[in-house]
$ cat protein.cif   # mmCIF, C-alpha atoms
data_input
loop_
_atom_site.label_atom_id
_atom_site.label_comp_id
_atom_site.auth_asym_id
_atom_site.auth_seq_id
_atom_site.Cartn_x
_atom_site.Cartn_y
_atom_site.Cartn_z
CA MET W 994 98.40 92.65 108.70
CA LYS W 995 98.59 92.59 112.51
CA ASN W 996 97.55 95.81 114.17
CA ASP W 997 100.06 97.22 116.66
CA ASP W 998 98.90 99.89 119.12
CA GLU W 999 102.51 100.98 119.55
CA MET W 1000 102.61 101.70 115.82
CA ALA W 1001 99.19 103.33 115.41
CA VAL W 1002 98.97 105.07 112.06
CA ILE W 1003 96.61 107.53 110.43
CA GLY W 1004 96.96 107.45 106.66
CA LEU W 1005 95.98 110.57 104.73
CA ASP W 1006 95.71 111.33 101.03
CA VAL W 1007 94.41 114.21 98.91
CA GLU W 1008 93.12 114.43 95.36
CA THR W 1009 93.60 117.78 93.70
CA GLY W 1010 92.99 119.80 90.58
CA GLY W 1011 96.69 119.95 89.75
CA LEU W 1012 100.18 120.15 91.18
CA TYR W 1013 100.21 123.60 92.75
CA PRO W 1014 98.31 124.37 95.97
CA THR W 1015 98.23 128.13 95.35
CA THR W 1016 96.50 127.77 91.97
CA ASP W 1017 94.83 124.32 91.94
CA ALA W 1018 91.78 123.19 93.91
CA LEU W 1019 91.67 120.66 96.71
CA LEU W 1020 89.12 118.08 95.55
CA SER W 1021 89.00 115.39 98.23
CA VAL W 1022 90.65 114.27 101.44
CA GLY W 1023 90.67 110.70 102.69
CA ALA W 1024 92.03 109.40 105.98
CA TRP W 1025 92.07 106.01 107.71
CA ALA W 1026 93.10 104.90 111.21
CA THR W 1027 94.72 101.49 111.55
CA TRP W 1028 92.99 100.65 114.83
CA ASP W 1029 89.41 99.48 115.26
CA GLY W 1030 86.79 101.84 116.60
CA THR W 1031 84.05 104.22 115.61
CA GLY W 1032 84.74 106.64 112.80
CA ARG W 1033 87.77 104.74 111.55
CA GLU W 1034 87.41 106.21 108.05
CA PHE W 1035 87.19 109.78 106.84
CA LEU W 1036 86.33 111.02 103.36
CA VAL W 1037 85.14 114.41 102.16
CA HIS W 1038 84.74 115.75 98.64
CA VAL W 1039 85.44 119.47 98.41
CA ASP W 1040 83.44 121.88 96.28
CA PRO W 1041 85.92 123.64 93.96
CA ASP W 1042 83.51 126.58 93.60
CA THR W 1043 84.24 127.46 97.24
CA GLN W 1044 87.92 127.95 96.36
CA PRO W 1045 88.05 131.20 94.38
CA GLY W 1046 90.88 131.41 91.89
CA LYS W 1047 91.65 127.68 92.07
CA GLU W 1048 91.50 125.54 88.93
CA ILE W 1049 91.12 121.91 87.86
CA ALA W 1050 93.42 120.73 85.09
CA ALA W 1051 91.99 118.22 82.63
CA LYS W 1052 94.84 115.77 83.26
CA ALA W 1053 94.24 115.90 87.02
CA ALA W 1054 90.53 115.20 86.51
CA GLU W 1055 91.48 112.12 84.48
CA VAL W 1056 93.53 110.83 87.40
CA ASN W 1057 90.92 111.31 90.13
CA GLY W 1058 87.76 111.04 88.07
CA TYR W 1059 86.47 114.50 88.95
CA THR W 1060 83.26 115.68 87.33
CA ARG W 1061 80.86 118.27 88.73
CA GLU W 1062 78.05 115.71 88.74
CA ARG W 1063 80.09 113.04 90.52
CA TRP W 1064 81.22 115.43 93.25
CA GLN W 1065 77.68 116.70 93.77
CA GLN W 1066 76.42 113.14 94.10
CA ALA W 1067 79.18 112.48 96.66
CA GLY W 1068 77.87 115.33 98.83
CA GLN W 1069 80.66 117.81 98.23
CA GLN W 1070 81.25 120.34 100.99
CA PRO W 1071 82.65 123.89 101.12
CA LEU W 1072 86.37 124.04 101.87
CA LEU W 1073 85.79 125.55 105.34
CA THR W 1074 83.40 122.74 106.28
CA ALA W 1075 85.76 120.07 104.93
CA MET W 1076 88.69 121.45 106.92
CA ALA W 1077 86.61 121.77 110.08
CA TRP W 1078 85.51 118.14 109.78
CA LEU W 1079 89.05 116.93 109.05
CA SER W 1080 90.53 118.85 111.98
CA GLU W 1081 87.90 117.44 114.34
CA TRP W 1082 88.38 113.90 113.02
CA ILE W 1083 92.16 113.95 113.43
CA ALA W 1084 91.84 115.47 116.91
CA ALA W 1085 89.48 112.66 117.93
CA LYS W 1086 91.85 110.00 116.60
CA LYS W 1087 94.85 111.60 118.34
CA GLU W 1088 92.87 111.58 121.58
CA GLN W 1089 92.34 107.83 121.15
CA ARG W 1090 95.99 107.16 120.23
CA PRO W 1091 98.20 110.15 121.17
CA ALA W 1092 101.30 108.49 119.71
CA ALA W 1093 99.71 107.88 116.32
CA VAL W 1094 101.69 109.17 113.36
CA LEU W 1095 100.10 110.80 110.31
CA VAL W 1096 101.36 109.19 107.12
CA CYS W 1097 101.14 110.43 103.55
CA HIS W 1098 102.88 108.60 100.73
CA ASN W 1099 103.93 111.82 98.98
CA LEU W 1100 104.14 113.97 102.08
CA ALA W 1101 105.56 117.07 100.41
CA PHE W 1102 102.63 117.17 97.98
CA ASP W 1103 99.80 116.29 100.37
CA ARG W 1104 101.09 118.47 103.19
CA ALA W 1105 101.50 121.45 100.84
CA PHE W 1106 97.80 121.27 99.90
CA MET W 1107 96.87 120.84 103.55
CA ALA W 1108 98.98 123.86 104.51
CA GLU W 1109 97.30 125.99 101.84
CA SER W 1110 93.87 124.82 102.98
CA GLU W 1111 94.78 125.59 106.59
CA ARG W 1112 95.85 129.08 105.54
CA VAL W 1113 92.66 129.75 103.61
CA SER W 1114 90.25 128.17 106.10
CA GLY W 1115 91.89 129.20 109.36
CA TYR W 1116 91.76 125.61 110.67
CA THR W 1117 95.01 124.06 111.92
CA LEU W 1118 95.37 120.31 111.80
CA PRO W 1119 96.50 118.52 114.97
CA GLY W 1120 99.73 116.55 115.11
CA ARG W 1121 102.02 119.21 113.66
CA TYR W 1122 105.19 117.18 114.34
CA ASP W 1123 103.70 113.75 113.70
CA TRP W 1124 103.73 113.65 109.88
CA ARG W 1125 105.67 110.90 108.11
CA CYS W 1126 106.41 110.03 104.46
CA SER W 1127 106.08 106.42 103.34
CA MET W 1128 107.71 107.20 99.98
CA VAL W 1129 110.86 108.52 101.68
CA GLU W 1130 111.05 105.50 103.98
CA MET W 1131 110.46 103.15 101.05
CA ALA W 1132 113.31 104.78 99.10
CA ARG W 1133 115.58 104.60 102.15
CA GLN W 1134 114.96 100.90 102.54
CA MET W 1135 115.82 100.36 98.88
CA ASP W 1136 119.05 102.34 99.39
CA VAL W 1137 120.17 100.17 102.32
CA GLY W 1138 119.12 96.89 100.71
CA LEU W 1139 116.02 96.12 102.76
CA LEU W 1140 113.85 96.31 99.62
CA PRO W 1141 114.63 95.48 96.00
CA LYS W 1142 115.41 98.49 93.82
CA GLY W 1143 112.52 99.87 91.82
CA SER W 1144 109.77 102.45 91.87
CA ALA W 1145 108.90 104.16 95.16
CA SER W 1146 105.29 104.71 94.06
CA LEU W 1147 102.24 104.01 96.18
CA GLN W 1148 101.18 101.45 93.60
CA ARG W 1149 104.37 99.46 94.19
CA LEU W 1150 104.20 99.85 97.98
CA GLY W 1151 100.71 98.39 97.83
CA GLU W 1152 102.00 95.47 95.78
CA LEU W 1153 105.02 94.75 97.99
CA SER W 1154 103.02 95.00 101.21
CA GLY W 1155 100.13 92.91 99.88
CA PHE W 1156 97.61 95.71 100.33
CA TRP W 1157 96.09 95.50 96.86
CA GLN W 1158 95.96 91.72 97.00
CA GLU W 1159 94.21 91.88 100.38
CA HIS W 1160 91.81 94.75 99.69
CA GLY W 1161 91.29 94.71 95.94
CA TRP W 1162 93.41 96.22 93.22
CA ARG W 1163 93.55 99.96 92.68
CA GLY W 1164 90.86 101.25 90.34
CA GLU W 1165 91.34 103.23 87.15
CA THR W 1166 90.99 106.50 89.05
CA HIS W 1167 92.76 107.44 92.27
CA GLU W 1168 90.54 107.59 95.35
CA ALA W 1169 91.68 109.54 98.42
CA LEU W 1170 90.37 107.07 101.02
CA GLU W 1171 91.71 104.01 99.22
CA ASP W 1172 95.15 105.60 98.86
CA ALA W 1173 95.12 106.75 102.50
CA ARG W 1174 94.44 103.17 103.59
CA CYS W 1175 97.29 101.92 101.42
CA ALA W 1176 99.70 104.51 102.86
CA ALA W 1177 98.82 103.54 106.45
CA TRP W 1178 99.02 99.81 105.76
CA GLY W 1179 102.26 100.32 103.82
CA TRP W 1180 103.86 102.31 106.65
CA GLN W 1181 103.16 99.55 109.14
CA TRP W 1182 104.57 97.02 106.69
CA LEU W 1183 107.70 99.12 106.19
CA ALA W 1184 108.17 99.27 109.97
CA GLU W 1185 107.89 95.49 110.18
CA ASN W 1186 110.30 95.12 107.26
CA ALA W 1187 112.85 97.35 108.99
CA ARG W 1188 112.60 95.31 112.20
CA ALA W 1189 112.95 92.06 110.24
CA GLY W 1190 116.09 93.51 108.70
CA GLY W 1191 117.64 94.03 112.12
CA GLU W 1192 116.89 97.74 112.55
CA PRO W 1193 115.76 98.60 116.09
CA GLU W 1194 113.15 101.08 114.88
CA LEU W 1195 111.86 102.61 111.70
CA LYS W 1196 114.18 105.44 110.73
CA GLU W 1197 112.15 108.40 109.50
CA VAL W 1198 114.26 110.78 107.47
CA ALA W 1199 111.61 113.12 106.06
#
$ encode --input "protein.cif" --output "C-alpha coordinates"
Amino acid sequence: MKNDDEMAVIGLDVETGGLYPTTDALLSVGAWATWDGTGREFLVHVDPDTQPGKEIAAKAAEVNGYTRERWQQAGQQPLLTAMAWLSEWIAAKKEQRPAAVLVCHNLAFDRAFMAESERVSGYTLPGRYDWRCSMVEMARQMDVGLLPKGSASLQRLGELSGFWQEHGWRGETHEALEDARCAAWGWQWLAENARAGGEPELKEVA
(Lines of atoms letter the chains of each structure in order from A and count residues from 1; the text may use other names and numbers.)
(Lines give C-alpha, C1' and ligand atoms only; values in the text may rest on other atoms or scores of the structure.)
Protein backbone atom coordinates (compact mmCIF):
# COMPACT_ATOMS: atom_id res chain seq x y z
CA MET A 1 0.00 0.00 0.00
CA LYS A 2 1.32 3.46 -0.93
CA ASN A 3 2.24 5.61 2.03
CA ASP A 4 0.66 9.07 2.06
CA ASP A 5 2.12 11.73 4.36
CA GLU A 6 -1.19 13.60 4.20
CA MET A 7 -2.87 10.51 5.63
CA ALA A 8 -0.29 9.55 8.26
CA VAL A 9 -1.74 7.01 10.66
CA ILE A 10 -0.76 5.55 14.00
CA GLY A 11 -2.52 2.26 14.62
CA LEU A 12 -3.02 1.18 18.22
CA ASP A 13 -4.38 -1.99 19.80
CA VAL A 14 -4.61 -3.43 23.31
CA GLU A 15 -4.88 -6.94 24.66
CA THR A 16 -6.64 -7.25 27.98
CA GLY A 17 -7.71 -9.63 30.70
CA GLY A 18 -11.39 -9.14 29.90
CA LEU A 19 -14.01 -6.69 28.72
CA TYR A 20 -14.13 -4.21 31.59
CA PRO A 21 -11.33 -1.69 32.20
CA THR A 22 -12.27 -1.12 35.84
CA THR A 23 -11.95 -4.81 36.75
CA ASP A 24 -9.76 -6.42 34.05
CA ALA A 25 -6.03 -5.98 33.51
CA LEU A 26 -4.32 -4.28 30.60
CA LEU A 27 -1.95 -6.92 29.22
CA SER A 28 -0.25 -5.39 26.19
CA VAL A 29 -0.26 -2.33 23.97
CA GLY A 30 0.93 -2.29 20.38
CA ALA A 31 1.25 0.69 18.06
CA TRP A 32 2.58 1.21 14.54
CA ALA A 33 3.24 4.33 12.46
CA THR A 34 2.61 4.11 8.72
CA TRP A 35 5.61 6.24 7.77
CA ASP A 36 9.23 5.13 7.67
CA GLY A 37 11.62 6.23 10.37
CA THR A 38 13.22 5.19 13.63
CA GLY A 39 11.01 3.64 16.26
CA ARG A 40 8.19 2.90 13.84
CA GLU A 41 6.85 0.09 16.06
CA PHE A 42 5.86 0.04 19.70
CA LEU A 43 5.02 -2.97 21.85
CA VAL A 44 4.94 -3.38 25.61
CA HIS A 45 3.66 -6.26 27.73
CA VAL A 46 2.18 -5.09 31.01
CA ASP A 47 2.66 -6.90 34.31
CA PRO A 48 -0.83 -7.65 35.70
CA ASP A 49 0.60 -7.84 39.23
CA THR A 50 1.17 -4.07 39.06
CA GLN A 51 -2.57 -3.54 38.58
CA PRO A 52 -4.12 -4.28 41.98
CA GLY A 53 -7.68 -5.54 41.85
CA LYS A 54 -7.53 -6.29 38.12
CA GLU A 55 -8.18 -9.81 36.83
CA ILE A 56 -7.52 -12.01 33.80
CA ALA A 57 -10.42 -14.12 32.59
CA ALA A 58 -9.57 -17.56 31.22
CA LYS A 59 -11.40 -16.84 27.95
CA ALA A 60 -9.42 -13.62 27.45
CA ALA A 61 -6.14 -15.47 28.03
CA GLU A 62 -7.16 -17.94 25.31
CA VAL A 63 -7.60 -15.07 22.87
CA ASN A 64 -4.30 -13.29 23.53
CA GLY A 65 -2.20 -16.23 24.68
CA TYR A 66 -1.40 -14.78 28.09
CA THR A 67 0.61 -16.89 30.50
CA ARG A 68 2.78 -15.61 33.34
CA GLU A 69 5.84 -17.27 31.81
CA ARG A 70 5.24 -15.85 28.33
CA TRP A 71 4.80 -12.31 29.63
CA GLN A 72 7.92 -12.57 31.78
CA GLN A 73 9.91 -13.77 28.77
CA ALA A 74 8.55 -10.81 26.79
CA GLY A 75 9.99 -8.40 29.37
CA GLN A 76 6.74 -7.29 30.96
CA GLN A 77 6.77 -3.84 32.54
CA PRO A 78 4.84 -2.19 35.39
CA LEU A 79 1.76 -0.29 34.25
CA LEU A 80 3.32 3.10 35.10
CA THR A 81 6.40 2.32 33.00
CA ALA A 82 4.30 1.04 30.10
CA MET A 83 2.16 4.17 30.07
CA ALA A 84 5.19 6.45 30.33
CA TRP A 85 6.80 4.71 27.35
CA LEU A 86 3.59 4.81 25.32
CA SER A 87 3.00 8.50 26.04
CA GLU A 88 6.57 9.35 25.01
CA TRP A 89 6.35 7.22 21.86
CA ILE A 90 3.09 8.81 20.68
CA ALA A 91 4.42 12.30 21.45
CA ALA A 92 7.52 11.60 19.34
CA LYS A 93 5.41 10.34 16.43
CA LYS A 94 3.07 13.34 16.64
CA GLU A 95 6.10 15.61 16.53
CA GLN A 96 7.18 13.91 13.30
CA ARG A 97 3.68 14.04 11.77
CA PRO A 98 1.45 16.50 13.69
CA ALA A 99 -1.57 15.67 11.51
CA ALA A 100 -1.32 11.93 12.14
CA VAL A 101 -4.52 10.30 13.37
CA LEU A 102 -4.60 7.56 16.01
CA VAL A 103 -6.65 4.61 14.81
CA CYS A 104 -8.09 1.72 16.78
CA HIS A 105 -10.37 -0.82 15.16
CA ASN A 106 -12.65 -1.07 18.19
CA LEU A 107 -12.08 2.44 19.48
CA ALA A 108 -14.64 2.34 22.28
CA PHE A 109 -12.97 -0.73 23.77
CA ASP A 110 -9.31 0.24 23.31
CA ARG A 111 -9.83 3.85 24.34
CA ALA A 112 -11.71 2.79 27.49
CA PHE A 113 -8.72 0.72 28.64
CA MET A 114 -6.38 3.56 27.75
CA ALA A 115 -8.52 6.02 29.72
CA GLU A 116 -8.48 3.76 32.77
CA SER A 117 -4.71 3.32 32.47
CA GLU A 118 -4.28 7.08 32.15
CA ARG A 119 -6.37 7.56 35.29
CA VAL A 120 -4.38 5.02 37.29
CA SER A 121 -0.93 6.00 36.02
CA GLY A 122 -1.35 9.76 35.79
CA TYR A 123 0.01 9.79 32.22
CA THR A 124 -2.11 11.47 29.53
CA LEU A 125 -1.72 10.32 25.96
CA PRO A 126 -1.14 12.98 23.29
CA GLY A 127 -3.58 13.52 20.45
CA ARG A 128 -6.75 13.77 22.53
CA TYR A 129 -8.92 14.76 19.55
CA ASP A 130 -7.13 12.66 16.94
CA TRP A 131 -8.61 9.21 17.66
CA ARG A 132 -10.49 7.39 14.88
CA CYS A 133 -12.39 4.08 14.62
CA SER A 134 -11.79 1.87 11.60
CA MET A 135 -14.72 -0.39 12.55
CA VAL A 136 -17.17 2.54 12.47
CA GLU A 137 -15.83 3.73 9.11
CA MET A 138 -15.95 0.20 7.73
CA ALA A 139 -19.60 -0.15 8.79
CA ARG A 140 -20.43 3.26 7.30
CA GLN A 141 -18.95 2.27 3.96
CA MET A 142 -21.04 -0.90 3.97
CA ASP A 143 -24.14 1.18 4.73
CA VAL A 144 -23.57 3.50 1.75
CA GLY A 145 -22.59 0.72 -0.64
CA LEU A 146 -18.85 1.33 -0.85
CA LEU A 147 -18.16 -2.12 0.65
CA PRO A 148 -20.10 -5.37 0.41
CA LYS A 149 -22.25 -6.15 3.43
CA GLY A 150 -20.71 -8.45 6.01
CA SER A 151 -18.75 -8.47 9.23
CA ALA A 152 -17.04 -5.27 10.39
CA SER A 153 -14.34 -7.24 12.21
CA LEU A 154 -10.63 -6.52 12.05
CA GLN A 155 -10.16 -9.95 10.53
CA ARG A 156 -12.39 -9.03 7.59
CA LEU A 157 -10.85 -5.56 7.21
CA GLY A 158 -7.47 -7.26 6.93
CA GLU A 159 -8.83 -9.58 4.27
CA LEU A 160 -10.54 -6.86 2.21
CA SER A 161 -7.54 -4.53 2.37
CA GLY A 162 -5.03 -7.28 1.58
CA PHE A 163 -3.16 -6.82 4.85
CA TRP A 164 -3.10 -10.48 5.85
CA GLN A 165 -2.16 -11.56 2.34
CA GLU A 166 0.69 -9.03 2.31
CA HIS A 167 2.00 -9.53 5.85
CA GLY A 168 1.01 -13.07 6.76
CA TRP A 169 -2.26 -14.38 8.10
CA ARG A 170 -3.35 -13.66 11.65
CA GLY A 171 -2.11 -16.22 14.16
CA GLU A 172 -4.18 -18.32 16.52
CA THR A 173 -3.79 -15.72 19.27
CA HIS A 174 -4.32 -11.98 18.93
CA GLU A 175 -1.16 -9.88 19.08
CA ALA A 176 -1.40 -6.17 19.90
CA LEU A 177 1.29 -5.01 17.46
CA GLU A 178 0.02 -7.14 14.59
CA ASP A 179 -3.54 -5.88 15.10
CA ALA A 180 -2.34 -2.27 15.40
CA ARG A 181 -0.57 -2.60 12.06
CA CYS A 182 -3.73 -4.04 10.49
CA ALA A 183 -5.86 -1.18 11.86
CA ALA A 184 -3.47 1.46 10.47
CA TRP A 185 -3.16 -0.24 7.09
CA GLY A 186 -6.93 -0.79 6.99
CA TRP A 187 -7.68 2.87 7.76
CA GLN A 188 -5.51 4.03 4.88
CA TRP A 189 -7.21 1.49 2.62
CA LEU A 190 -10.66 2.69 3.72
CA ALA A 191 -9.64 6.28 2.92
CA GLU A 192 -8.53 5.21 -0.55
CA ASN A 193 -11.76 3.25 -1.01
CA ALA A 194 -13.83 6.29 -0.07
CA ARG A 195 -11.95 8.46 -2.56
CA ALA A 196 -12.36 5.82 -5.27
CA GLY A 197 -16.08 5.88 -4.55
CA GLY A 198 -16.25 9.60 -5.26
CA GLU A 199 -16.16 10.88 -1.68
CA PRO A 200 -13.95 13.97 -1.29
CA GLU A 201 -12.58 12.82 2.06
CA LEU A 202 -12.96 10.02 4.55
CA LYS A 203 -16.01 10.76 6.69
CA GLU A 204 -15.26 9.93 10.31
CA VAL A 205 -18.43 9.51 12.31
CA ALA A 206 -17.07 8.12 15.59
$ residues_around --input "protein.cif" --residues "Leu1150 (chain W)" --least-positions-apart "6" --cutoff "10 Å" --atoms "only C-alpha atoms" --output "list of chain:residue names"
W:His1098, W:Ser1127, W:Met1128, W:Met1131, W:Ser1144, W:Phe1156, W:Trp1157, W:Cys1175, W:Ala1176, W:Trp1178, W:Gly1179, W:Trp1180, W:Trp1182, W:Leu1183
$ residues_around --input "protein.cif" --residues "region 1104-1116 of chain W" --least-positions-apart "4" --cutoff "6 Å" --atoms "all atoms listed in the file" --output "ChimeraX atom specification"
/W:1014,1073,1100
$ resolve_selection --input "protein.cif" --expression "the PyMOL selection byres ((chain W and resi 1125) around 12)" --output "number ranges by chain"
W: 1002-1005, 1093-1101, 1103-1104, 1120-1124, 1126-1131, 1176-1177, 1179-1181, 1195-1199
$ residues_around --input "protein.cif" --residues "Ile1083 (chain W)" --least-positions-apart "5" --cutoff "9 Å" --atoms "only C-alpha atoms" --output "VMD selection string"
chain W and resid 1003 1024 1078 1088 1118 to 1120
$ closest_residue --input "protein.cif" --among "W:Glu1159, W:Glu1168, W:Asp1136, W:Glu1192" --to "Leu1020 (chain W)" --atoms "only C-alpha atoms"
W:Glu1168
$ atom_distance --input "protein.cif" --atom1 "CA of Gly1032 (chain W)" --atom2 "CA of Thr1074 (chain W)"
17.4 Å
$ closest_residue --input "protein.cif" --among "W:His1167, W:Glu1152, W:Gly1058, W:Ala1001" --to "Thr1027 (chain W)" --atoms "only C-alpha atoms"
W:Ala1001
$ residues_near_point --input "protein.cif" --point "(91.8, 119.6, 84.1)" --cutoff "10 Å" --atoms "all atoms listed in the file" --output "ChimeraX atom specification"
/W:1009-1011,1017,1048-1056,1059-1060
$ build_atoms --input "protein.cif" --residues "region 1063-1099 of chain W" --atoms "N, CA and C atoms" --output "mmCIF file, in the frame of the given file"
data_model
loop_
_atom_site.group_PDB
_atom_site.id
_atom_site.type_symbol
_atom_site.label_atom_id
_atom_site.label_comp_id
_atom_site.auth_asym_id
_atom_site.auth_seq_id
_atom_site.Cartn_x
_atom_site.Cartn_y
_atom_site.Cartn_z
ATOM 1 N N ARG W 1063 79.634 114.062 89.590
ATOM 2 C CA ARG W 1063 80.090 113.040 90.520
ATOM 3 C C ARG W 1063 80.350 113.636 91.903
ATOM 4 N N TRP W 1064 80.942 114.798 91.967
ATOM 5 C CA TRP W 1064 81.220 115.430 93.250
ATOM 6 C C TRP W 1064 79.932 115.869 93.941
ATOM 7 N N GLN W 1065 78.951 116.341 93.184
ATOM 8 C CA GLN W 1065 77.680 116.700 93.770
ATOM 9 C C GLN W 1065 76.972 115.477 94.345
ATOM 10 N N GLN W 1066 77.028 114.368 93.625
ATOM 11 C CA GLN W 1066 76.420 113.140 94.100
ATOM 12 C C GLN W 1066 77.112 112.619 95.360
ATOM 13 N N ALA W 1067 78.421 112.920 95.485
ATOM 14 C CA ALA W 1067 79.180 112.480 96.660
ATOM 15 C C ALA W 1067 78.972 113.395 97.858
ATOM 16 N N GLY W 1068 78.152 114.436 97.711
ATOM 17 C CA GLY W 1068 77.870 115.330 98.830
ATOM 18 C C GLY W 1068 78.992 116.294 99.116
ATOM 19 N N GLN W 1069 79.549 116.882 98.061
ATOM 20 C CA GLN W 1069 80.660 117.810 98.230
ATOM 21 C C GLN W 1069 80.348 118.897 99.253
ATOM 22 N N GLN W 1070 81.401 119.349 99.930
ATOM 23 C CA GLN W 1070 81.250 120.340 100.990
ATOM 24 C C GLN W 1070 82.138 121.554 100.702
ATOM 25 N N PRO W 1071 81.755 122.730 101.237
ATOM 26 C CA PRO W 1071 82.650 123.890 101.120
ATOM 27 C C PRO W 1071 83.987 123.599 101.789
ATOM 28 N N LEU W 1072 85.030 124.271 101.322
ATOM 29 C CA LEU W 1072 86.370 124.040 101.870
ATOM 30 C C LEU W 1072 86.395 124.242 103.388
ATOM 31 N N LEU W 1073 85.754 125.285 103.897
ATOM 32 C CA LEU W 1073 85.790 125.550 105.340
ATOM 33 C C LEU W 1073 85.154 124.407 106.122
ATOM 34 N N THR W 1074 84.051 123.868 105.611
ATOM 35 C CA THR W 1074 83.400 122.740 106.280
ATOM 36 C C THR W 1074 84.295 121.502 106.243
ATOM 37 N N ALA W 1075 84.880 121.237 105.080
ATOM 38 C CA ALA W 1075 85.760 120.070 104.930
ATOM 39 C C ALA W 1075 86.928 120.137 105.903
ATOM 40 N N MET W 1076 87.543 121.305 106.027
ATOM 41 C CA MET W 1076 88.690 121.450 106.920
ATOM 42 C C MET W 1076 88.278 121.366 108.380
ATOM 43 N N ALA W 1077 87.106 121.883 108.710
ATOM 44 C CA ALA W 1077 86.610 121.770 110.080
ATOM 45 C C ALA W 1077 86.393 120.303 110.439
ATOM 46 N N TRP W 1078 85.754 119.567 109.545
ATOM 47 C CA TRP W 1078 85.510 118.140 109.780
ATOM 48 C C TRP W 1078 86.820 117.377 109.920
ATOM 49 N N LEU W 1079 87.776 117.653 109.021
ATOM 50 C CA LEU W 1079 89.050 116.930 109.050
ATOM 51 C C LEU W 1079 89.807 117.226 110.351
ATOM 52 N N SER W 1080 89.842 118.478 110.745
ATOM 53 C CA SER W 1080 90.530 118.850 111.980
ATOM 54 C C SER W 1080 89.912 118.148 113.182
ATOM 55 N N GLU W 1081 88.590 118.101 113.241
ATOM 56 C CA GLU W 1081 87.900 117.440 114.340
ATOM 57 C C GLU W 1081 88.165 115.928 114.323
ATOM 58 N N TRP W 1082 88.167 115.351 113.134
ATOM 59 C CA TRP W 1082 88.380 113.900 113.020
ATOM 60 C C TRP W 1082 89.775 113.519 113.477
ATOM 61 N N ILE W 1083 90.795 114.258 113.021
ATOM 62 C CA ILE W 1083 92.160 113.950 113.430
ATOM 63 C C ILE W 1083 92.332 114.154 114.927
ATOM 64 N N ALA W 1084 91.751 115.212 115.467
ATOM 65 C CA ALA W 1084 91.840 115.470 116.910
ATOM 66 C C ALA W 1084 91.244 114.314 117.706
ATOM 67 N N ALA W 1085 90.113 113.785 117.238
ATOM 68 C CA ALA W 1085 89.480 112.660 117.930
ATOM 69 C C ALA W 1085 90.358 111.419 117.874
ATOM 70 N N LYS W 1086 90.979 111.177 116.736
ATOM 71 C CA LYS W 1086 91.850 110.000 116.600
ATOM 72 C C LYS W 1086 93.107 110.162 117.456
ATOM 73 N N LYS W 1087 93.657 111.371 117.519
ATOM 74 C CA LYS W 1087 94.850 111.600 118.340
ATOM 75 C C LYS W 1087 94.524 111.483 119.826
ATOM 76 N N GLU W 1088 93.281 111.769 120.184
ATOM 77 C CA GLU W 1088 92.870 111.580 121.580
ATOM 78 C C GLU W 1088 92.829 110.088 121.911
ATOM 79 N N GLN W 1089 92.381 109.273 120.949
ATOM 80 C CA GLN W 1089 92.340 107.830 121.150
ATOM 81 C C GLN W 1089 93.744 107.229 121.216
ATOM 82 N N ARG W 1090 94.624 107.678 120.331
ATOM 83 C CA ARG W 1090 95.990 107.160 120.230
ATOM 84 C C ARG W 1090 96.949 108.352 120.112
ATOM 85 N N PRO W 1091 97.357 108.949 121.228
ATOM 86 C CA PRO W 1091 98.200 110.150 121.170
ATOM 87 C C PRO W 1091 99.498 109.962 120.402
ATOM 88 N N ALA W 1092 100.030 108.732 120.382
ATOM 89 C CA ALA W 1092 101.300 108.490 119.710
ATOM 90 C C ALA W 1092 101.145 108.188 118.225
ATOM 91 N N ALA W 1093 99.926 108.210 117.728
ATOM 92 C CA ALA W 1093 99.710 107.880 116.320
ATOM 93 C C ALA W 1093 100.434 108.859 115.405
ATOM 94 N N VAL W 1094 101.054 108.319 114.359
ATOM 95 C CA VAL W 1094 101.690 109.170 113.360
ATOM 96 C C VAL W 1094 100.748 109.352 112.180
ATOM 97 N N LEU W 1095 100.919 110.468 111.480
ATOM 98 C CA LEU W 1095 100.100 110.800 110.310
ATOM 99 C C LEU W 1095 100.950 110.570 109.066
ATOM 100 N N VAL W 1096 100.542 109.628 108.246
ATOM 101 C CA VAL W 1096 101.360 109.190 107.120
ATOM 102 C C VAL W 1096 100.719 109.560 105.794
ATOM 103 N N CYS W 1097 101.488 110.226 104.953
ATOM 104 C CA CYS W 1097 101.140 110.430 103.550
ATOM 105 C C CYS W 1097 102.212 109.750 102.707
ATOM 106 N N HIS W 1098 101.832 109.217 101.555
ATOM 107 C CA HIS W 1098 102.880 108.600 100.730
ATOM 108 C C HIS W 1098 103.764 109.679 100.111
ATOM 109 N N ASN W 1099 103.162 110.681 99.516
ATOM 110 C CA ASN W 1099 103.930 111.820 98.980
ATOM 111 C C ASN W 1099 103.697 113.001 99.905
#
